[in-house]
Each structure stands twice: as C-alpha cells, then as structure tokens.
Amino acid sequence: MALSLHINNTKKAPYFDGTNYAYWKVKMTAHLKSINREVWKVTETKFEVANENAPTPVEEKKIQCNDIAISALHEALDDKTFEQIKNIEVAHDAWAKLEETFEGTKGTKTAKAYILQEKFSGFKMQEDESVSGDVSPVASHSE
C-alpha cells in the first residue's frame, strides 16, 4: 500500500549563513511546519523504526517525512554549516546538532543565563547618570 503525503509548501527554505541562528531557527521551524506538520514532528522528536527492512506504513510515512526534512535542512545551510551535518541522516539528530553548535548544550545555556543574571543584578544607575544617558554600559554586559 502506497502512502501519500500532502506537501503544503514548496517554497525555498530560509537560508542560514552561520549568523543569527535564533532568527533562522524560528523561520526554519515555520518552514518545516508549512511543508507538513509531520515533517516538523520528525525533526522535533526522534523516532525509531523497529525493522528497517520491513517498516510499517506509519514508520514508512515518518521515514518519508524525515527525508523531506533533511532535504530542507541541507538546502537551507551554507557550505560551512552543511559540513557539520552532511553525514547525519536523521532530521532530529541534524536539528539537535545545529542547536548544540549555535545555542550550546542545556548546561551551557543555563550557565550563560546565570552569568547574565548576575551581571545585571549588580547593574545600577549612578547618582550622576540620567535615564536618557549613555546605554553602552548595558550593552557591554549583554555580550
């Protein structure tokens, strides 16, 4: 029995040149969802195939969605970023690799948030400063 998958969006994937990952991630998430919600689901959540030689119809659909997601990710990436995931065949794993590379691990993100919180908790306006004054001290703490 052949499975059909309805493709809603055939537009080009948003391009990622290695900068502004957070912006691209939002756009790419929307792009994958717009192709088909199942395409996003296999990217977001890892799936297993019990028997690769004889997948069930449901597994076959997930494999097809995975292939679509991997293709969209490959299309979206610049050459340097593509090199990091080119040998990964599972969309979820490729997505996780990109997140780890450009956002850091969960521990790294927690540590960065803690450091920023500590920096800003000690940030106070001096008596001789005005609210409309220079914001460069704030900007330097957020980097």
# chains A, B, ... in the order shown; residues from 1 in each chain; ligands from 1

call {"tool": "residues_around", "arguments": {"residues": "segment 59-64 of chain A", "least_positions_apart": "5", "cutoff": "12 Å", "atoms": "only C-alpha atoms", "output": "count of residues only"}}
result
32

call {"tool": "closest_residue", "arguments": {"among": "A:Ala72, A:Ile115, A:Ile88, A:Leu77", "to": "Thr19 of chain A", "atoms": "only C-alpha atoms"}}
result
A:Leu77

call {"tool": "atom_distance", "arguments": {"atom1": "atom CA of Cys65 of chain A", "atom2": "atom CA of Thr105 of chain A"}}
result
26.2 Å

call {"tool": "atom_distance", "arguments": {"atom1": "atom CA of Phe120 of chain A", "atom2": "atom CA of Glu103 of chain A"}}
result
20.9 Å

call {"tool": "select_by_dssp", "arguments": {"residues": "segment 1-138 of chain A", "states": "helix (DSSP H, G or I)", "output": "mmCIF file with C-alpha atoms, in the first residue's frame"}}
result
data_model
loop_
_atom_site.group_PDB
_atom_site.id
_atom_site.type_symbol
_atom_site.label_atom_id
_atom_site.label_comp_id
_atom_site.auth_asym_id
_atom_site.auth_seq_id
_atom_site.Cartn_x
_atom_site.Cartn_y
_atom_site.Cartn_z
ATOM 1 C CA TYR A 21 20.813 31.374 14.440
ATOM 2 C CA ALA A 22 17.840 32.292 16.674
ATOM 3 C CA TYR A 23 16.212 34.229 13.822
ATOM 4 C CA TRP A 24 16.825 31.424 11.300
ATOM 5 C CA LYS A 25 15.587 28.759 13.722
ATOM 6 C CA VAL A 26 12.190 30.444 14.035
ATOM 7 C CA LYS A 27 11.884 30.815 10.264
ATOM 8 C CA MET A 28 13.048 27.244 9.591
ATOM 9 C CA THR A 29 10.648 25.817 12.162
ATOM 10 C CA ALA A 30 7.781 27.624 10.425
ATOM 11 C CA HIS A 31 9.041 26.436 7.035
ATOM 12 C CA LEU A 32 9.169 22.770 8.093
ATOM 13 C CA LYS A 33 5.695 23.017 9.649
ATOM 14 C CA SER A 34 4.363 24.611 6.477
ATOM 15 C CA ILE A 35 5.609 21.706 4.372
ATOM 16 C CA ARG A 37 3.180 19.078 10.299
ATOM 17 C CA GLU A 38 4.540 15.523 10.220
ATOM 18 C CA VAL A 39 7.777 16.843 8.696
ATOM 19 C CA TRP A 40 8.214 19.106 11.725
ATOM 20 C CA LYS A 41 7.268 16.310 14.152
ATOM 21 C CA VAL A 42 10.066 14.003 12.938
ATOM 22 C CA THR A 43 12.507 16.916 13.186
ATOM 23 C CA GLU A 44 11.421 17.836 16.692
ATOM 24 C CA PRO A 57 3.035 2.046 6.989
ATOM 25 C CA VAL A 58 3.275 4.551 9.855
ATOM 26 C CA GLU A 59 7.056 4.150 10.016
ATOM 27 C CA GLU A 60 7.289 4.491 6.234
ATOM 28 C CA LYS A 61 5.472 7.831 6.467
ATOM 29 C CA LYS A 62 7.896 9.006 9.158
ATOM 30 C CA ILE A 63 10.864 7.937 7.020
ATOM 31 C CA GLN A 64 9.451 9.931 4.103
ATOM 32 C CA CYS A 65 8.919 12.979 6.338
ATOM 33 C CA ASN A 66 12.468 12.606 7.652
ATOM 34 C CA ASP A 67 13.823 12.610 4.101
ATOM 35 C CA ILE A 68 11.876 15.775 3.305
ATOM 36 C CA ALA A 69 13.129 17.470 6.493
ATOM 37 C CA ILE A 70 16.765 16.515 5.846
ATOM 38 C CA SER A 71 16.490 17.801 2.297
ATOM 39 C CA ALA A 72 15.059 21.123 3.519
ATOM 40 C CA LEU A 73 17.832 21.462 6.115
ATOM 41 C CA HIS A 74 20.526 20.733 3.538
ATOM 42 C CA GLU A 75 19.022 23.286 1.155
ATOM 43 C CA ALA A 76 18.936 25.944 3.880
ATOM 44 C CA ASP A 79 28.614 25.220 2.901
ATOM 45 C CA LYS A 80 30.434 25.551 6.228
ATOM 46 C CA THR A 81 27.354 24.713 8.306
ATOM 47 C CA PHE A 82 26.315 21.943 5.919
ATOM 48 C CA GLU A 83 29.672 20.228 6.555
ATOM 49 C CA GLN A 84 28.669 19.810 10.219
ATOM 50 C CA ILE A 85 25.546 17.757 9.428
ATOM 51 C CA ALA A 91 16.421 15.091 10.822
ATOM 52 C CA HIS A 92 16.059 15.176 14.603
ATOM 53 C CA ASP A 93 19.780 14.483 15.051
ATOM 54 C CA ALA A 94 20.752 17.138 12.484
ATOM 55 C CA TRP A 95 18.479 19.688 14.188
ATOM 56 C CA ALA A 96 19.940 18.801 17.602
ATOM 57 C CA LYS A 97 23.490 19.185 16.234
ATOM 58 C CA LEU A 98 22.671 22.651 14.892
ATOM 59 C CA GLU A 99 21.103 23.644 18.225
ATOM 60 C CA GLU A 100 24.136 22.429 20.150
ATOM 61 C CA THR A 101 26.549 24.159 17.779
ATOM 62 C CA PHE A 102 24.801 27.531 17.711
ATOM 63 C CA GLU A 103 22.971 27.639 21.068
ATOM 64 C CA LYS A 106 21.429 22.865 28.009
ATOM 65 C CA GLY A 107 24.123 23.283 30.667
ATOM 66 C CA THR A 108 25.860 25.982 28.626
ATOM 67 C CA LYS A 109 22.606 27.890 28.140
ATOM 68 C CA THR A 110 21.861 27.692 31.873
ATOM 69 C CA ALA A 111 25.352 28.921 32.742
ATOM 70 C CA LYS A 112 25.100 31.830 30.273
ATOM 71 C CA ALA A 113 21.719 32.840 31.710
ATOM 72 C CA TYR A 114 23.106 32.711 35.244
ATOM 73 C CA ILE A 115 26.113 34.858 34.301
ATOM 74 C CA LEU A 116 23.880 37.448 32.629
ATOM 75 C CA GLN A 117 21.536 37.468 35.614
ATOM 76 C CA GLU A 118 24.485 38.073 37.941
ATOM 77 C CA LYS A 119 25.844 40.884 35.746
ATOM 78 C CA PHE A 120 22.502 42.657 35.544
ATOM 79 C CA SER A 121 21.617 42.216 39.211
ATOM 80 C CA SER A 136 26.757 51.464 26.430
ATOM 81 C CA PRO A 137 27.269 50.045 29.955
ATOM 82 C CA VAL A 138 24.120 47.939 29.482
#

call {"tool": "atom_distance", "arguments": {"atom1": "atom CA of Asn8 of chain A", "atom2": "atom CA of Asn20 of chain A"}}
result
26.7 Å
